[in-house]
Each structure stands twice: as structure tokens, then as C-alpha cells.
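What follows is the content of entry25.txt (compact mmCIF, C-alpha atoms and all ligand atoms).
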# COMPACT_ATOMS: atom_id res chain seq x y z
CA MET A 1262 51.69 43.64 23.83
CA VAL A 1263 53.85 40.58 24.38
CA PHE A 1264 57.24 42.26 24.34
CA TRP A 1265 56.36 45.67 25.66
CA LEU A 1266 56.85 45.62 29.38
CA GLY A 1267 57.54 49.33 29.81
CA SER A 1268 60.92 50.89 30.13
CA ALA A 1269 62.54 52.39 33.20
CA GLU A 1270 64.30 55.67 32.49
CA PHE A 1271 67.45 56.55 34.36
CA ASP A 1272 68.10 60.14 35.43
CA ARG A 1273 66.30 62.02 32.63
CA GLU A 1274 67.83 65.36 33.74
CA LYS A 1275 71.33 63.90 33.42
CA LYS A 1276 72.29 64.98 36.93
CA HIS A 1277 74.80 62.14 37.22
CA ARG A 1278 77.83 63.37 35.28
CA LEU A 1279 80.80 61.46 33.92
CA ASP A 1280 83.14 64.43 33.37
CA GLY A 1281 86.77 63.42 33.44
CA LYS A 1282 85.93 59.73 33.16
CA LEU A 1283 86.85 57.31 30.41
CA VAL A 1284 84.23 54.75 29.45
CA ALA A 1285 85.42 51.81 27.34
CA ILE A 1286 82.71 49.92 25.41
CA THR A 1287 82.93 46.77 23.31
CA GLY A 1288 80.53 46.58 20.35
CA ALA A 1289 79.86 50.31 20.30
CA SER A 1290 79.36 50.33 16.52
CA CYS A 1291 75.55 50.08 16.69
CA GLY A 1292 72.56 49.18 18.84
CA ILE A 1293 72.68 49.36 22.62
CA GLY A 1294 76.47 49.85 22.65
CA LEU A 1295 76.30 52.93 20.44
CA SER A 1296 73.40 54.38 22.45
CA THR A 1297 75.35 53.78 25.67
CA ALA A 1298 78.37 55.56 24.16
CA ILE A 1299 76.26 58.57 23.15
CA LEU A 1300 74.52 58.77 26.53
CA CYS A 1301 77.90 58.61 28.32
CA ALA A 1302 79.36 61.30 26.03
CA GLN A 1303 76.37 63.56 26.72
CA ARG A 1304 77.26 63.31 30.43
CA GLY A 1305 80.82 64.44 29.72
CA ALA A 1306 82.69 61.12 29.44
CA SER A 1307 85.58 60.41 27.08
CA LEU A 1308 85.20 57.16 25.19
CA LEU A 1309 87.30 54.21 24.18
CA LEU A 1310 85.50 52.27 21.46
CA LEU A 1311 86.39 48.61 20.90
CA CYS A 1312 84.80 47.36 17.68
CA ARG A 1313 85.53 44.71 15.07
CA ASN A 1314 84.54 46.71 12.00
CA LEU A 1315 86.69 49.81 11.45
CA SER A 1316 84.33 51.65 9.13
CA LYS A 1317 81.31 51.02 11.38
CA MET A 1318 83.41 52.24 14.32
CA SER A 1319 84.37 55.51 12.62
CA ASN A 1320 80.76 55.99 11.57
CA ALA A 1321 79.74 55.46 15.21
CA ALA A 1322 82.35 58.02 16.33
CA GLU A 1323 80.84 60.53 13.89
CA GLN A 1324 77.36 59.91 15.30
CA ILE A 1325 78.68 60.39 18.84
CA ARG A 1326 80.36 63.70 17.89
CA GLU A 1327 77.13 64.91 16.28
CA LYS A 1328 75.33 64.43 19.60
CA ALA A 1329 78.21 65.45 21.91
CA PRO A 1330 80.67 67.48 19.79
CA SER A 1331 83.57 67.89 22.21
CA THR A 1332 83.86 64.19 23.09
CA GLN A 1333 87.36 62.69 23.07
CA ILE A 1334 87.18 59.31 21.37
CA LEU A 1335 89.82 56.61 21.11
CA GLU A 1336 89.20 53.80 18.64
CA PHE A 1337 90.66 50.30 18.93
CA GLN A 1338 89.93 47.37 16.68
CA LEU A 1339 88.95 44.19 18.50
CA ASP A 1340 87.29 41.10 17.10
CA LEU A 1341 86.16 38.88 19.96
CA ALA A 1342 86.24 35.91 17.59
CA ASP A 1343 90.01 36.31 17.26
CA THR A 1344 92.08 36.41 20.46
CA LYS A 1345 95.06 37.90 18.57
CA THR A 1346 93.11 41.10 17.97
CA VAL A 1347 92.06 41.11 21.64
CA SER A 1348 95.74 40.71 22.64
CA ASN A 1349 96.73 43.57 20.33
CA ALA A 1350 94.09 45.90 21.78
CA ILE A 1351 95.21 44.96 25.32
CA LYS A 1352 98.89 45.60 24.47
CA ASP A 1353 98.07 48.99 22.94
CA ILE A 1354 95.95 50.07 25.91
CA LYS A 1355 98.65 48.97 28.37
CA MET A 1356 101.47 50.55 26.39
CA ARG A 1357 99.64 53.86 26.35
CA GLU A 1358 98.84 53.46 30.07
CA ILE A 1359 95.20 54.31 29.50
CA LYS A 1360 93.24 54.59 32.73
CA ILE A 1361 89.73 53.19 32.36
CA ASP A 1362 87.01 54.25 34.80
CA ILE A 1363 84.19 52.14 33.41
CA LEU A 1364 84.33 49.12 31.11
CA VAL A 1365 81.15 47.98 29.37
CA LEU A 1366 81.28 44.42 28.02
CA ASN A 1367 78.48 44.96 25.57
CA ALA A 1368 79.32 43.22 22.29
CA GLY A 1369 77.26 40.16 21.61
CA LEU A 1370 76.70 37.57 18.98
CA TYR A 1371 73.24 36.08 18.65
CA PHE A 1372 72.26 32.73 17.30
CA TYR A 1373 72.06 33.99 13.70
CA GLU A 1374 75.70 33.28 12.93
CA PRO A 1375 76.86 29.73 12.26
CA THR A 1376 77.17 27.92 15.55
CA GLU A 1377 80.58 26.63 14.66
CA CYS A 1378 83.74 26.27 16.73
CA LEU A 1379 86.49 28.65 17.58
CA TYR A 1380 89.40 27.13 19.50
CA ASN A 1381 87.29 23.91 19.69
CA ILE A 1382 84.65 25.77 21.71
CA ASN A 1383 81.20 26.85 20.58
CA SER A 1384 81.78 30.22 18.86
CA ILE A 1385 79.02 32.08 20.72
CA GLN A 1386 80.73 31.36 24.06
CA VAL A 1387 84.05 32.62 22.70
CA VAL A 1388 82.63 35.91 21.46
CA ASN A 1389 80.13 36.59 24.23
CA HIS A 1390 82.09 35.33 27.21
CA TYR A 1391 85.64 33.96 26.86
CA SER A 1392 87.19 36.85 24.92
CA HIS A 1393 85.50 39.36 27.21
CA PHE A 1394 86.87 37.39 30.18
CA TYR A 1395 90.38 37.65 28.70
CA LEU A 1396 90.00 41.37 27.99
CA LEU A 1397 88.84 42.14 31.51
CA HIS A 1398 91.43 39.87 33.12
CA GLU A 1399 94.23 41.76 31.37
CA LEU A 1400 92.79 45.24 31.83
CA LEU A 1401 92.18 44.94 35.58
CA GLU A 1402 95.24 47.02 36.37
CA ASN A 1403 94.01 49.78 34.01
CA LEU A 1404 90.69 49.97 35.85
CA LYS A 1405 91.29 52.71 38.34
CA GLY A 1406 88.86 54.15 40.82
CA SER A 1407 88.83 55.27 44.42
CA GLU A 1408 87.22 53.99 47.59
CA ASP A 1409 84.45 56.60 47.21
CA ASP A 1410 84.03 56.11 43.51
CA PRO A 1411 85.23 52.68 42.40
CA ALA A 1412 85.86 51.65 38.83
CA ARG A 1413 82.94 49.73 37.31
CA VAL A 1414 82.43 46.89 34.89
CA VAL A 1415 79.04 46.28 33.31
CA ALA A 1416 78.32 43.12 31.30
CA LEU A 1417 75.37 42.91 28.93
CA SER A 1418 73.62 39.68 29.75
CA SER A 1419 70.00 38.80 29.04
CA MET A 1420 66.85 37.40 30.54
CA ALA A 1421 67.62 34.56 28.11
CA HIS A 1422 69.97 33.22 30.81
CA ASN A 1423 66.77 31.67 32.26
CA GLY A 1424 66.85 29.17 29.41
CA ALA A 1425 70.43 28.11 30.09
CA ASN A 1426 71.51 24.82 31.50
CA ALA A 1427 74.11 25.54 34.19
CA ASP A 1428 75.78 22.22 33.49
CA GLY A 1429 77.59 24.29 30.87
CA ALA A 1430 77.89 21.84 27.96
CA PHE A 1431 78.48 24.79 25.62
CA TRP A 1432 81.25 26.27 27.77
CA LYS A 1433 83.47 23.22 27.36
CA THR A 1434 86.39 22.63 25.03
CA TYR A 1435 85.96 19.58 22.81
CA SER A 1436 88.77 17.59 21.26
CA SER A 1437 87.62 18.55 17.77
CA PRO A 1438 84.77 20.40 16.05
CA GLU A 1439 83.38 16.99 15.09
CA GLU A 1440 83.20 15.91 18.73
CA LEU A 1441 81.45 19.16 19.63
CA ALA A 1442 78.95 18.64 16.81
CA THR A 1443 78.29 15.05 17.92
CA GLU A 1444 77.78 16.06 21.57
CA LEU A 1445 75.85 19.28 21.08
CA GLY A 1446 74.44 19.11 17.57
CA THR A 1447 74.87 21.63 14.78
CA GLY A 1448 72.92 24.36 13.09
CA ILE A 1449 71.33 27.53 14.24
CA LYS A 1450 67.85 26.08 14.67
CA LYS A 1451 68.96 23.13 16.79
CA ILE A 1452 71.54 24.65 19.11
CA GLY A 1453 71.74 28.39 18.37
CA MET A 1454 69.34 29.55 21.07
CA LYS A 1455 70.67 27.12 23.70
CA ALA A 1456 74.20 28.33 23.04
CA TYR A 1457 73.13 31.97 23.30
CA CYS A 1458 71.34 31.32 26.64
CA GLU A 1459 74.44 29.67 28.12
CA SER A 1460 76.65 32.54 27.00
CA LYS A 1461 74.33 35.03 28.70
CA LEU A 1462 74.39 32.99 31.92
CA ALA A 1463 78.19 33.06 31.67
CA ASN A 1464 78.07 36.90 31.59
CA ILE A 1465 76.19 36.97 34.90
CA LEU A 1466 78.38 34.36 36.62
CA HIS A 1467 81.51 36.14 35.39
CA MET A 1468 80.46 39.41 37.07
CA ARG A 1469 79.47 37.63 40.29
CA GLU A 1470 82.81 35.85 40.55
CA MET A 1471 84.76 39.02 39.77
CA ALA A 1472 82.79 40.87 42.46
CA LYS A 1473 83.79 38.20 44.95
CA ARG A 1474 87.47 38.29 44.00
CA TYR A 1475 87.93 42.05 43.46
CA PRO A 1476 85.81 43.95 46.00
CA GLU A 1477 87.54 47.25 45.15
CA ILE A 1478 85.75 47.34 41.75
CA LYS A 1479 82.00 47.18 41.04
CA PHE A 1480 80.93 44.38 38.69
CA MET A 1481 77.33 44.23 37.47
CA SER A 1482 75.34 42.45 34.77
CA VAL A 1483 72.31 43.72 32.92
CA HIS A 1484 69.25 42.62 30.97
CA PRO A 1485 68.51 45.53 28.62
CA GLY A 1486 64.98 44.42 27.65
CA VAL A 1487 63.87 43.38 24.18
CA VAL A 1488 65.50 46.03 22.03
CA ASN A 1489 65.17 47.13 18.43
CA SER A 1490 68.88 47.03 17.65
CA GLU A 1491 70.54 45.34 14.66
CA PHE A 1492 69.64 42.03 16.33
CA GLY A 1493 66.43 41.44 14.34
CA GLN A 1494 67.96 42.42 11.01
CA LYS A 1495 70.96 40.18 11.64
CA ILE A 1496 68.70 37.21 12.36
CA ALA A 1497 66.68 37.85 9.19
CA GLN A 1498 69.84 38.18 7.10
CA GLY A 1499 71.60 35.24 8.74
CA GLU A 1500 72.15 31.87 7.16
CA SER A 1501 69.02 30.24 8.54
CA PHE A 1502 66.65 32.76 7.02
CA LYS A 1503 68.57 34.24 4.06
CA GLY A 1504 66.59 33.82 0.84
CA THR A 1505 63.54 32.38 2.64
CA TRP A 1506 60.10 33.94 2.79
CA LEU A 1507 60.49 34.22 6.58
CA GLY A 1508 63.72 36.19 6.13
CA TRP A 1509 62.01 38.45 3.59
CA PHE A 1510 59.02 38.86 5.93
CA MET A 1511 61.22 39.72 8.93
CA ASN A 1512 63.19 42.20 6.84
CA SER A 1513 60.18 43.93 5.33
CA TRP A 1514 59.62 47.58 6.14
CA LEU A 1515 56.11 47.01 7.48
CA VAL A 1516 57.10 44.23 9.87
CA HIS A 1517 60.08 46.25 11.01
CA LYS A 1518 57.89 49.26 11.68
CA PHE A 1519 55.30 47.15 13.48
CA PHE A 1520 57.77 45.39 15.78
CA SER A 1521 59.77 48.53 16.46
CA THR A 1522 56.68 50.04 18.09
CA MET A 1523 56.38 47.00 20.35
CA ILE A 1524 59.91 46.77 21.63
CA LYS A 1525 62.42 49.19 23.13
CA SER A 1526 64.58 51.62 21.17
CA SER A 1527 68.35 51.28 21.66
CA ASP A 1528 68.29 54.37 23.88
CA GLN A 1529 65.67 52.74 26.09
CA GLY A 1530 67.68 49.53 26.04
CA ALA A 1531 70.73 51.43 27.29
CA GLN A 1532 68.99 52.78 30.42
CA THR A 1533 69.87 49.93 32.77
CA SER A 1534 73.48 50.01 31.56
CA MET A 1535 73.49 53.76 32.28
CA TYR A 1536 72.12 53.09 35.75
CA CYS A 1537 74.98 50.65 36.45
CA ILE A 1538 77.51 53.07 34.94
CA CYS A 1539 76.38 56.16 36.89
CA ALA A 1540 74.15 55.46 39.88
CA PRO A 1541 76.04 55.65 43.19
CA GLU A 1542 73.63 53.10 44.66
CA ALA A 1543 74.22 50.44 41.95
CA GLU A 1544 75.83 47.55 43.79
CA SER A 1545 78.50 45.11 42.77
CA TRP A 1546 77.68 41.40 42.17
CA HIS A 1547 74.05 42.04 41.19
CA TYR A 1548 72.13 41.39 38.00
CA TYR A 1549 69.96 44.35 36.96
CA LYS A 1550 66.83 44.75 34.87
CA GLU A 1551 64.80 47.97 34.43
CA CYS A 1552 67.29 49.82 36.67
CA ALA A 1553 66.62 47.50 39.61
CA THR A 1554 68.08 44.24 40.89
CA ALA A 1555 66.56 41.09 39.44
CA GLU A 1556 66.66 37.40 40.22
CA VAL A 1557 69.06 35.03 38.46
CA LYS A 1558 67.38 31.74 37.60
CA ILE A 1559 69.27 28.69 36.43
CA LYS A 1560 68.42 25.17 35.29
CA GLY A 1561 70.37 21.95 35.52
CA SER A 1562 71.85 19.80 38.24
CA LYS A 1563 74.59 22.21 39.35
CA ASN A 1564 73.93 24.92 41.86
CA ILE A 1565 74.88 28.45 40.86
CA ASN A 1566 78.08 28.59 42.92
CA GLU A 1567 79.36 25.34 41.45
CA ALA A 1568 78.57 26.56 37.95
CA GLN A 1569 80.32 29.87 38.70
CA GLU A 1570 83.45 28.12 39.96
CA GLU A 1571 83.54 25.77 36.98
CA LEU A 1572 83.17 28.66 34.53
CA TRP A 1573 86.05 30.47 36.23
CA GLN A 1574 88.33 27.44 35.84
CA LEU A 1575 87.33 26.99 32.19
CA SER A 1576 87.89 30.68 31.51
CA MET A 1577 91.40 30.67 33.02
CA LYS A 1578 92.14 27.57 30.95
CA PHE A 1579 90.91 29.42 27.83
CA ILE A 1580 93.44 32.18 28.47
CA ASP A 1581 96.27 29.69 29.02
CA GLU A 1582 95.52 27.73 25.89
CA ASN A 1583 94.37 30.36 23.42
CA CYS A 1584 95.56 33.81 24.38
CA LYS A 1585 99.33 33.56 24.70
CA ASN A 1586 100.13 35.14 21.37
N1 LIG A 1601 68.59 43.51 21.53
C1 LIG A 1601 68.04 42.79 22.51
O1 LIG A 1601 66.82 42.60 22.56
C2 LIG A 1601 68.91 42.22 23.62
C3 LIG A 1601 68.28 41.52 24.66
C4 LIG A 1601 69.06 40.99 25.69
C5 LIG A 1601 70.43 41.18 25.68
N2 LIG A 1601 71.02 41.85 24.66
C6 LIG A 1601 72.50 41.99 24.70
O2 LIG A 1601 72.86 43.33 24.46
C7 LIG A 1601 74.16 43.40 23.85
C8 LIG A 1601 74.12 44.38 22.68
O3 LIG A 1601 73.26 43.84 21.66
P1 LIG A 1601 72.45 44.72 20.61
O4 LIG A 1601 71.05 44.35 20.76
O5 LIG A 1601 72.86 46.14 20.66
O6 LIG A 1601 72.94 44.01 19.24
P2 LIG A 1601 73.59 44.57 17.91
O7 LIG A 1601 72.89 45.79 17.45
O8 LIG A 1601 73.66 43.41 16.99
O9 LIG A 1601 75.07 44.98 18.39
C9 LIG A 1601 75.99 44.00 18.77
C10 LIG A 1601 77.36 44.61 18.85
O10 LIG A 1601 78.30 43.55 19.12
C11 LIG A 1601 79.32 43.59 18.14
N3 LIG A 1601 79.92 42.30 17.88
C12 LIG A 1601 79.35 41.15 17.45
N4 LIG A 1601 80.27 40.20 17.27
C13 LIG A 1601 81.47 40.76 17.59
C14 LIG A 1601 82.82 40.30 17.59
N5 LIG A 1601 83.14 39.08 17.16
N6 LIG A 1601 83.80 41.14 18.00
C15 LIG A 1601 83.50 42.40 18.38
N7 LIG A 1601 82.26 42.91 18.38
C16 LIG A 1601 81.26 42.09 17.98
C17 LIG A 1601 78.62 44.11 16.89
O11 LIG A 1601 79.58 44.55 15.95
P3 LIG A 1601 79.19 44.78 14.39
O12 LIG A 1601 78.61 46.15 14.32
O13 LIG A 1601 80.49 44.68 13.72
O14 LIG A 1601 78.21 43.70 14.02
C18 LIG A 1601 77.79 45.23 17.51
O15 LIG A 1601 78.59 46.35 17.76
C19 LIG A 1601 74.51 41.96 23.46
O16 LIG A 1601 75.45 41.44 24.37
C20 LIG A 1601 73.18 41.21 23.58
O17 LIG A 1601 73.38 39.85 23.93
C21 LIG A 1601 70.30 42.39 23.63

Any chance you could give the structure as C-alpha cells?
Ligand SMILES: NC(=O)c1ccc[n+]([C@@H]2O[C@H](COP(=O)([O-])OP(=O)(O)OC[C@H]3O[C@@H](n4cnc5c(N)ncnc54)[C@H](OP(=O)(O)O)[C@@H]3O)[C@@H](O)[C@H]2O)c1
Amino acid sequence: MVFWLGSAEFDREKKHRLDGKLVAITGASCGIGLSTAILCAQRGASLLLLCRNLSKMSNAAEQIREKAPSTQILEFQLDLADTKTVSNAIKDIKMREIKIDILVLNAGLYFYEPTECLYNINSIQVVNHYSHFYLLHELLENLKGSEDDPARVVALSSMAHNGANADGAFWKTYSSPEELATELGTGIKKIGMKAYCESKLANILHMREMAKRYPEIKFMSVHPGVVNSEFGQKIAQGESFKGTWLGWFMNSWLVHKFFSTMIKSSDQGAQTSMYCICAPEAESWHYYKECATAEVKIKGSKNINEAQEELWQLSMKFIDENCKN
């Protein structure tokens, strides 16, 4: 099958425990994030959920408690499309002096939502990279580990980074949404996928740069595989396909059933994240796929180190301009 490339399983016997550790996860309301939360709870971790939708978050917490009844769960609202909510979550976490052992930057927006601007930047970059960058930047002092067992940060990237142009046109701030539309185009079909690919490259470069600057913490990025999460449904229900025969087709029970047998379940999709969260041998700076290191491939005229440096500067600028609230 086209999508089915097998699935590595990490530590089936659950020998690697997370007792006494706090794992914070963005986008834990469904899909790979929720599976990761459950798998961490089953290894004894406490959880800090960071989700945009309060009722989905409390539903997720219920599902976690069903699978791991004694789990301590903290819930914080955070919408990565709105830096004020990110600031509020950061303030709350700092005020309560919460020590985080592992932070999973999992939440992600696909190309199904309107590719409009937030803060005069393509919205997919803001949600998938810039707001995560801000969150991590501010929570660094809450990430506590030891020399033997460092704190870890795991970012959900994608093999889709292969399609990105490292010149980073989508990472830039434009003077107005109109200028962005003129330079990059509009609409999900024209620029949605390109924007998504660039955001997923940003996730990898972010972790590599952090690894370079903060060697006392482990920073890793992950491709989870092609996973049967809410991703497909959200594409089918999104603006491009809503009300069309293709949307209906993609949403139909039969098609759903058929594709779900060809791609990974969310639990399978969470395995490489679990490897990076638990495995002592998982190394900082690397990009992982199927619980093993994988190659990062980029396109465009910039080399990877130049692109990484440029993204860092743009990300610091994003904080200066949009997160001082
Ligand atoms: N599924 C795949 O095949 C695949 C492949 C490669 C990489 N990935 C990556 O894996 C990660 C998880 O994706 P998934 O497949 O589990 O997708 P999913 O089921 O759609 O879950 C995405 C999560 O991100 C949250 N989210 C979206 N926009 C947000 C925002 N503005 N603020 C806060 N949270 C937001 C969603 O919240 P709501 O519940 O409120 O929507 C949800 O919890 C993503 O980063 C994705 O890029 C997935």
C-alpha cells in the first residue's frame, strides 16, 4: 500500500517509566497528542495539557483517566493563533512554579484552514512554529532535568518538510495581508501545502538551533508517519472541500474505514514521540522517524545552517513585536 510503510513500536513492555515526571503537551485534545498523553500516563507521568478548546480538553482528560486512573492532570487553555492566550498560559505556569520534565510541541494546523494572516504572517507558521517558539523560549527556566537525565523537548514535524523551500518566504512578516497575498498567493489549494511544508521545516530547524544553544536540554523533532488522526476529517470539512462531492467522499464511512486500514493509528503515530520522550539513547539535535534518526532534506538556495539562523532571528523578532502583552 502507498501509505503503509510499517510502524516501529517503542518499548512494548513499558519498561521505560516516567514516574514522578511531568509531561506538558500542546494539542493533546485528540490525535497523536492525546495518544502521547495516554501513553505517558500509563508509564506513570503527570500531565499538563495545553489545548485551545476547553471542552475537548476536559473530554481528553476523561479519556486519559479511563486508561490511567490515578493520573494527575493540569489543564491550561492555549490557542497558538492568539499570543495573548500563550502569554496567559506562560504566566500561570511560571506563577505556580511548575517544573516541566518533558515538553511536547505537538499541536499543528494543516492546510485545511484558511491560509490567512496572523500578525501579518502566514497563519500556519504562527500556529505551528512561532507561538511554539515563544512558549518554549519563556518556559526554558521551568524545564528542569539533571546531567544524567536532562529535560527534553520534542517537536512534531513531518516528512512534509522535504517539500519546503528553505528560503522561507512563508516565515516572513509582510507589511500587510494584501502584500502577503500578492507575494505568496492565497487559498488553500494554491499555497496551503507549501505553507504547511515550511512550517514543518521550521519545527526541525527550531529544535536543531535550541540543541546548539542549550546543550543541557535534549531537543528532538519527529515525523510520526501518516496517521489516522482528525487530520483527514478536518481537511474534508475544511473550506476547500465543504459541500463538495470530494468532501462528502472523504468523509464517508467507507472511505474512512478503507484509509484507516492503510495508515497508522494515533497510538502508532505516537511511538516515535514516545521514543524521544523516554529512550535514554535518544539524542539531542536529531530528527527522528520510526524511532530512528532520519535525514533532513531541504530545497532552495540557502543552506540549512543559514536557514536555521534566519529562522531564529525572525522568531526572536516575532516575540518582540507580537508577544509583549
Ligand atoms: N496525522 C499525520 O499524518 C501527521 C503527519 C506528519 C506530521 N503530523 C504532525 O503531528 C502533529 C499532531 O497532528 P495530528 O495528526 O494528531 O492532528 P489532529 O488530530 O488534527 O490534532 C491536532 C492538534 O493540534 C491542535 N491545534 C490546532 N490548532 C491549534 C491552535 N491554534 N492552538 C492550539 N492547538 C491547536 C488541535 O486542537 P483541536 O482539537 O482544538 O482542533 C489538536 O489537538 C501536528 O503537528 C502535525 O503536523 C501529523

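Closest approach to Asp1280 of chain A from the set A:Ile1452, A:Ala1306, A:Cys1537, A:Ala1425 is made by A:Ala1306, with distances taken over all atoms listed in the file.
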
- Task: Could you give me, as number ranges by chain, every polymer residue with an atom at most 8 Å away from an atom of ligand LIG 1601 (chain A), counting all atoms listed in the file?
- Result: A: 1287-1295, 1311-1314, 1317-1318, 1339-1343, 1366-1371, 1388-1389, 1416-1421, 1457, 1461, 1483-1493, 1495, 1525, 1527, 1530

Would you save the residues from that selection as a PDB file, in the frame of the given file, using C-alpha atoms?
ATOM      1  CA  THR A1287      82.930  46.770  23.310  1.00  0.00           C
ATOM      2  CA  GLY A1288      80.530  46.580  20.350  1.00  0.00           C
ATOM      3  CA  ALA A1289      79.860  50.310  20.300  1.00  0.00           C
ATOM      4  CA  SER A1290      79.360  50.330  16.520  1.00  0.00           C
ATOM      5  CA  CYS A1291      75.550  50.080  16.690  1.00  0.00           C
ATOM      6  CA  GLY A1292      72.560  49.180  18.840  1.00  0.00           C
ATOM      7  CA  ILE A1293      72.680  49.360  22.620  1.00  0.00           C
ATOM      8  CA  GLY A1294      76.470  49.850  22.650  1.00  0.00           C
ATOM      9  CA  LEU A1295      76.300  52.930  20.440  1.00  0.00           C
ATOM     10  CA  LEU A1311      86.390  48.610  20.900  1.00  0.00           C
ATOM     11  CA  CYS A1312      84.800  47.360  17.680  1.00  0.00           C
ATOM     12  CA  ARG A1313      85.530  44.710  15.070  1.00  0.00           C
ATOM     13  CA  ASN A1314      84.540  46.710  12.000  1.00  0.00           C
ATOM     14  CA  LYS A1317      81.310  51.020  11.380  1.00  0.00           C
ATOM     15  CA  MET A1318      83.410  52.240  14.320  1.00  0.00           C
ATOM     16  CA  LEU A1339      88.950  44.190  18.500  1.00  0.00           C
ATOM     17  CA  ASP A1340      87.290  41.100  17.100  1.00  0.00           C
ATOM     18  CA  LEU A1341      86.160  38.880  19.960  1.00  0.00           C
ATOM     19  CA  ALA A1342      86.240  35.910  17.590  1.00  0.00           C
ATOM     20  CA  ASP A1343      90.010  36.310  17.260  1.00  0.00           C
ATOM     21  CA  LEU A1366      81.280  44.420  28.020  1.00  0.00           C
ATOM     22  CA  ASN A1367      78.480  44.960  25.570  1.00  0.00           C
ATOM     23  CA  ALA A1368      79.320  43.220  22.290  1.00  0.00           C
ATOM     24  CA  GLY A1369      77.260  40.160  21.610  1.00  0.00           C
ATOM     25  CA  LEU A1370      76.700  37.570  18.980  1.00  0.00           C
ATOM     26  CA  TYR A1371      73.240  36.080  18.650  1.00  0.00           C
ATOM     27  CA  VAL A1388      82.630  35.910  21.460  1.00  0.00           C
ATOM     28  CA  ASN A1389      80.130  36.590  24.230  1.00  0.00           C
ATOM     29  CA  ALA A1416      78.320  43.120  31.300  1.00  0.00           C
ATOM     30  CA  LEU A1417      75.370  42.910  28.930  1.00  0.00           C
ATOM     31  CA  SER A1418      73.620  39.680  29.750  1.00  0.00           C
ATOM     32  CA  SER A1419      70.000  38.800  29.040  1.00  0.00           C
ATOM     33  CA  MET A1420      66.850  37.400  30.540  1.00  0.00           C
ATOM     34  CA  ALA A1421      67.620  34.560  28.110  1.00  0.00           C
ATOM     35  CA  TYR A1457      73.130  31.970  23.300  1.00  0.00           C
ATOM     36  CA  LYS A1461      74.330  35.030  28.700  1.00  0.00           C
ATOM     37  CA  VAL A1483      72.310  43.720  32.920  1.00  0.00           C
ATOM     38  CA  HIS A1484      69.250  42.620  30.970  1.00  0.00           C
ATOM     39  CA  PRO A1485      68.510  45.530  28.620  1.00  0.00           C
ATOM     40  CA  GLY A1486      64.980  44.420  27.650  1.00  0.00           C
ATOM     41  CA  VAL A1487      63.870  43.380  24.180  1.00  0.00           C
ATOM     42  CA  VAL A1488      65.500  46.030  22.030  1.00  0.00           C
ATOM     43  CA  ASN A1489      65.170  47.130  18.430  1.00  0.00           C
ATOM     44  CA  SER A1490      68.880  47.030  17.650  1.00  0.00           C
ATOM     45  CA  GLU A1491      70.540  45.340  14.660  1.00  0.00           C
ATOM     46  CA  PHE A1492      69.640  42.030  16.330  1.00  0.00           C
ATOM     47  CA  GLY A1493      66.430  41.440  14.340  1.00  0.00           C
ATOM     48  CA  LYS A1495      70.960  40.180  11.640  1.00  0.00           C
ATOM     49  CA  LYS A1525      62.420  49.190  23.130  1.00  0.00           C
ATOM     50  CA  SER A1527      68.350  51.280  21.660  1.00  0.00           C
ATOM     51  CA  GLY A1530      67.680  49.530  26.040  1.00  0.00           C
TER      52      GLY A1530
END

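Distances here use only C-alpha atoms; by that measure, the residue among A:Asn1583, A:Ser1521, A:Ser1268, A:Asn1403 closest to Lys1355 of chain A is A:Asn1403.
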
- Task: Could you check which of A:Thr1505, A:Thr1332, A:Ser1437, A:Ser1319 is closest to Gly1305 of chain A, using only C-alpha atoms?
- Result: A:Thr1332

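Atom CA of Lys1558 of chain A lies 16.0 Å from atom CA of Met1481 of chain A.
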
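Candidate residues A:Lys1352, A:Gln1303, A:Val1347, A:Cys1552 were compared for distance to Ser1331 of chain A, and the nearest is A:Gln1303, using only C-alpha atoms.
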
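Between atom CA of Val1284 of chain A and atom CA of Glu1459 of chain A the separation is 27.0 Å.
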
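The two atoms in question, atom CA of Cys1458 of chain A and atom CA of Ile1580 of chain A, are spaced 22.2 Å apart.
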
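Counting all atoms listed in the file and comparing A:Leu1300, A:Val1414, A:Thr1346, A:Leu1309, the residue that lies closest to Asp1272 of chain A is A:Leu1300.
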
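Between Lys1433 of chain A and the candidates A:Ser1384, A:Ser1407, A:Ser1307, A:Thr1447, the tightest atom-to-atom separation, counting all atoms listed in the file, involves A:Ser1384.
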
- Message: What's around segment 1560-1565 of chain A at 6 Å? Count only C-alpha atoms, leave out sequence neighbours fewer than 3 positions away in its own chain, and write the answer as a ChimeraX atom specification.
- Response: /A:1426-1428,1568

Residues from last step as file, C-alpha atoms, as a PDB file, in the frame of the given file:
ATOM      1  CA  ASN A1426      71.510  24.820  31.500  1.00  0.00           C
ATOM      2  CA  ALA A1427      74.110  25.540  34.190  1.00  0.00           C
ATOM      3  CA  ASP A1428      75.780  22.220  33.490  1.00  0.00           C
ATOM      4  CA  ALA A1568      78.570  26.560  37.950  1.00  0.00           C
TER       5      ALA A1568
END

Complete segment 1420-1432 of chain A with N, CA and C atoms (output as a short mmCIF file (atom, residue, chain, number, x, y, z; two decimals), keeping the file's coordinate frame).
data_model
loop_
_atom_site.label_atom_id
_atom_site.label_comp_id
_atom_site.auth_asym_id
_atom_site.auth_seq_id
_atom_site.Cartn_x
_atom_site.Cartn_y
_atom_site.Cartn_z
N MET A 1420 67.84 38.25 29.88
CA MET A 1420 66.85 37.40 30.54
C MET A 1420 66.91 35.98 29.96
N ALA A 1421 67.48 35.88 28.76
CA ALA A 1421 67.62 34.56 28.11
C ALA A 1421 68.46 33.60 28.96
N HIS A 1422 69.18 34.12 29.95
CA HIS A 1422 69.97 33.22 30.81
C HIS A 1422 69.05 32.20 31.51
N ASN A 1423 67.76 32.58 31.65
CA ASN A 1423 66.77 31.67 32.26
C ASN A 1423 66.68 30.34 31.51
N GLY A 1424 66.96 30.38 30.23
CA GLY A 1424 66.85 29.17 29.41
C GLY A 1424 68.12 28.34 29.41
N ALA A 1425 69.14 28.80 30.15
CA ALA A 1425 70.43 28.11 30.09
C ALA A 1425 70.47 26.91 31.02
N ASN A 1426 71.24 25.94 30.62
CA ASN A 1426 71.51 24.82 31.50
C ASN A 1426 72.87 25.07 32.16
N ALA A 1427 72.87 25.18 33.49
CA ALA A 1427 74.11 25.54 34.19
C ALA A 1427 75.12 24.41 34.21
N ASP A 1428 74.78 23.28 33.61
CA ASP A 1428 75.78 22.22 33.49
C ASP A 1428 76.86 22.63 32.48
N GLY A 1429 76.56 23.64 31.68
CA GLY A 1429 77.59 24.29 30.87
C GLY A 1429 78.19 23.46 29.75
N ALA A 1430 77.37 22.66 29.07
CA ALA A 1430 77.89 21.84 27.96
C ALA A 1430 78.52 22.72 26.89
N PHE A 1431 77.97 23.91 26.68
CA PHE A 1431 78.48 24.79 25.62
C PHE A 1431 79.75 25.54 26.04
N TRP A 1432 80.05 25.55 27.32
CA TRP A 1432 81.25 26.27 27.77
C TRP A 1432 82.51 25.44 27.54
#
